[in-house]
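Heads up: the structure comes next, in structure tokens.
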Amino acid sequence: MGSIEILTAEYEQGSDAYSAGKPDSECPYPPNQGNGAQRISWFNGWLDARTQDKLGHIFEKHGLTK
């Protein structure tokens, strides 16, 4: 069974934020403000970019790249 990957604008913003050296505390979507899906998507992007940065070489070594 395959997976579905949907990249939102917020996901891209989070990924770009990590790439620009911004900490996760700079998420523009504050908690408890009715924007939970946007906040989660932003953090998913930020965390995916960090994971790729820190562990990408291991993924590539084992053929686990996209």
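Note on naming: chains are A, B, ... as they come in the structure tokens, residues start from 1 per chain, ligands start from 1 in the order shown.
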
Residue contacts of Ser19 in chain A (12 Å, only C-alpha atoms) excluding same-chain residues fewer than 5 positions away, as a list in words: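 So, after excluding close chain neighbours, the residues are Glu12, Gln13, Gly14, Asp24, Gly45, Trp46, Leu47, Asp48, Ala49, Arg50, Thr51, Gln52, Asp53 and Lys54 of chain A.
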
Test item: residues at most 8 Å from range 27-32 of chain A, only C-alpha atoms, excluding those fewer than 5 positions along its chain, as a ChimeraX atom specification: /A:14,38-39,42-43

Which distance in Å separates CA of Gly56 in chain A and CA of Ser41 in chain A, to one decimal?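 CA of Ser41 in chain A lies 20.6 Å from CA of Gly56 in chain A.
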
Just checking: using only C-alpha atoms, which residue out of A:Glu26, A:Gly63, A:Asn35, A:Asn44 ends up closest to Thr8 in chain A?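 Ranking A:Glu26, A:Gly63, A:Asn35, A:Asn44 by distance to Thr8 in chain A, first place goes to A:Asn44.
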
If you run DSSP on the backbone here, which positions in chain A get helix (DSSP H, G or I)? Please write them as a ChimeraX atom specification. /A:9-19,24-26,36-61

Residue subset to file, keeping N, CA and C atoms, as a tab-separated table (two decimals), in the first residue's frame:
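Written out: part.tsv:
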chain	number	residue	atom	x	y	z
A	9	ALA	N	1.46	24.88	1.52
A	9	ALA	CA	2.27	26.11	1.59
A	9	ALA	C	2.92	26.21	2.96
A	10	GLU	N	2.20	25.82	4.00
A	10	GLU	CA	2.75	25.88	5.36
A	10	GLU	C	3.91	24.90	5.52
A	11	TYR	N	3.79	23.73	4.92
A	11	TYR	CA	4.88	22.75	4.96
A	11	TYR	C	6.13	23.36	4.32
A	12	GLU	N	5.96	23.95	3.15
A	12	GLU	CA	7.08	24.59	2.45
A	12	GLU	C	7.67	25.73	3.28
A	13	GLN	N	6.83	26.50	3.95
A	13	GLN	CA	7.30	27.59	4.80
A	13	GLN	C	8.17	27.05	5.93
A	14	GLY	N	7.73	25.94	6.54
A	14	GLY	CA	8.50	25.34	7.62
A	14	GLY	C	9.83	24.80	7.14
A	15	SER	N	9.82	24.15	5.99
A	15	SER	CA	11.05	23.63	5.42
A	15	SER	C	12.01	24.77	5.09
A	16	ASP	N	11.48	25.82	4.48
A	16	ASP	CA	12.31	26.98	4.15
A	16	ASP	C	12.86	27.65	5.41
A	17	ALA	N	12.05	27.68	6.46
A	17	ALA	CA	12.49	28.30	7.72
A	17	ALA	C	13.69	27.55	8.28
A	18	TYR	N	13.62	26.21	8.28
A	18	TYR	CA	14.76	25.43	8.77
A	18	TYR	C	15.99	25.70	7.91
A	19	SER	N	15.81	25.68	6.60
A	19	SER	CA	16.93	25.91	5.68
A	19	SER	C	17.56	27.29	5.87
A	24	ASP	N	12.56	26.42	15.53
A	24	ASP	CA	11.14	26.04	15.48
A	24	ASP	C	10.25	27.01	16.25
A	25	SER	N	10.84	27.75	17.17
A	25	SER	CA	10.06	28.72	17.96
A	25	SER	C	9.56	29.88	17.10
A	26	GLU	N	10.03	30.00	15.87
A	26	GLU	CA	9.59	31.08	14.98
A	26	GLU	C	8.42	30.66	14.09
A	36	GLY	N	-4.59	24.92	13.98
A	36	GLY	CA	-3.84	23.71	14.30
A	36	GLY	C	-3.30	22.98	13.08
A	37	ALA	N	-4.11	22.87	12.02
A	37	ALA	CA	-3.64	22.15	10.83
A	37	ALA	C	-2.48	22.88	10.18
A	38	GLN	N	-2.54	24.20	10.15
A	38	GLN	CA	-1.44	24.98	9.56
A	38	GLN	C	-0.18	24.83	10.41
A	39	ARG	N	-0.35	24.87	11.73
A	39	ARG	CA	0.80	24.75	12.64
A	39	ARG	C	1.45	23.38	12.48
A	40	ILE	N	0.64	22.34	12.43
A	40	ILE	CA	1.17	20.98	12.27
A	40	ILE	C	1.91	20.86	10.95
A	41	SER	N	1.33	21.38	9.88
A	41	SER	CA	1.96	21.30	8.57
A	41	SER	C	3.29	22.05	8.57
A	42	TRP	N	3.34	23.23	9.19
A	42	TRP	CA	4.59	24.01	9.27
A	42	TRP	C	5.66	23.20	10.01
A	43	PHE	N	5.28	22.62	11.16
A	43	PHE	CA	6.24	21.83	11.92
A	43	PHE	C	6.68	20.58	11.17
A	44	ASN	N	5.76	19.96	10.43
A	44	ASN	CA	6.16	18.80	9.61
A	44	ASN	C	7.23	19.19	8.62
A	45	GLY	N	7.07	20.33	7.97
A	45	GLY	CA	8.08	20.79	7.02
A	45	GLY	C	9.40	21.09	7.70
A	46	TRP	N	9.33	21.77	8.83
A	46	TRP	CA	10.55	22.14	9.58
A	46	TRP	C	11.27	20.87	10.03
A	47	LEU	N	10.53	19.93	10.58
A	47	LEU	CA	11.14	18.70	11.09
A	47	LEU	C	11.66	17.80	9.97
A	48	ASP	N	10.95	17.72	8.85
A	48	ASP	CA	11.45	16.93	7.72
A	48	ASP	C	12.76	17.50	7.19
A	49	ALA	N	12.84	18.83	7.10
A	49	ALA	CA	14.07	19.47	6.63
A	49	ALA	C	15.22	19.20	7.60
A	50	ARG	N	14.94	19.27	8.90
A	50	ARG	CA	15.98	18.99	9.90
A	50	ARG	C	16.43	17.53	9.83
A	51	THR	N	15.47	16.63	9.68
A	51	THR	CA	15.81	15.21	9.60
A	51	THR	C	16.68	14.94	8.38
A	52	GLN	N	16.32	15.52	7.25
A	52	GLN	CA	17.12	15.33	6.04
A	52	GLN	C	18.52	15.91	6.22
A	53	ASP	N	18.61	17.06	6.87
A	53	ASP	CA	19.90	17.71	7.11
A	53	ASP	C	20.79	16.85	8.02
A	54	LYS	N	20.22	16.34	9.09
A	54	LYS	CA	21.01	15.60	10.08
A	54	LYS	C	21.24	14.14	9.70
A	55	LEU	N	20.28	13.53	9.02
A	55	LEU	CA	20.35	12.09	8.77
A	55	LEU	C	20.34	11.70	7.29
A	56	GLY	N	20.27	12.68	6.41
A	56	GLY	CA	20.18	12.40	4.98
A	56	GLY	C	21.28	11.50	4.47
A	57	HIS	N	22.49	11.67	4.98
A	57	HIS	CA	23.61	10.84	4.52
A	57	HIS	C	23.39	9.36	4.87
A	58	ILE	N	22.73	9.09	5.97
A	58	ILE	CA	22.44	7.71	6.35
A	58	ILE	C	21.37	7.14	5.44
A	59	PHE	N	20.33	7.93	5.16
A	59	PHE	CA	19.27	7.47	4.26
A	59	PHE	C	19.85	7.13	2.89
A	60	GLU	N	20.72	8.01	2.38
A	60	GLU	CA	21.31	7.79	1.06
A	60	GLU	C	22.18	6.53	1.04
A	61	LYS	N	22.92	6.32	2.12
A	61	LYS	CA	23.79	5.15	2.22
A	61	LYS	C	23.00	3.85	2.08
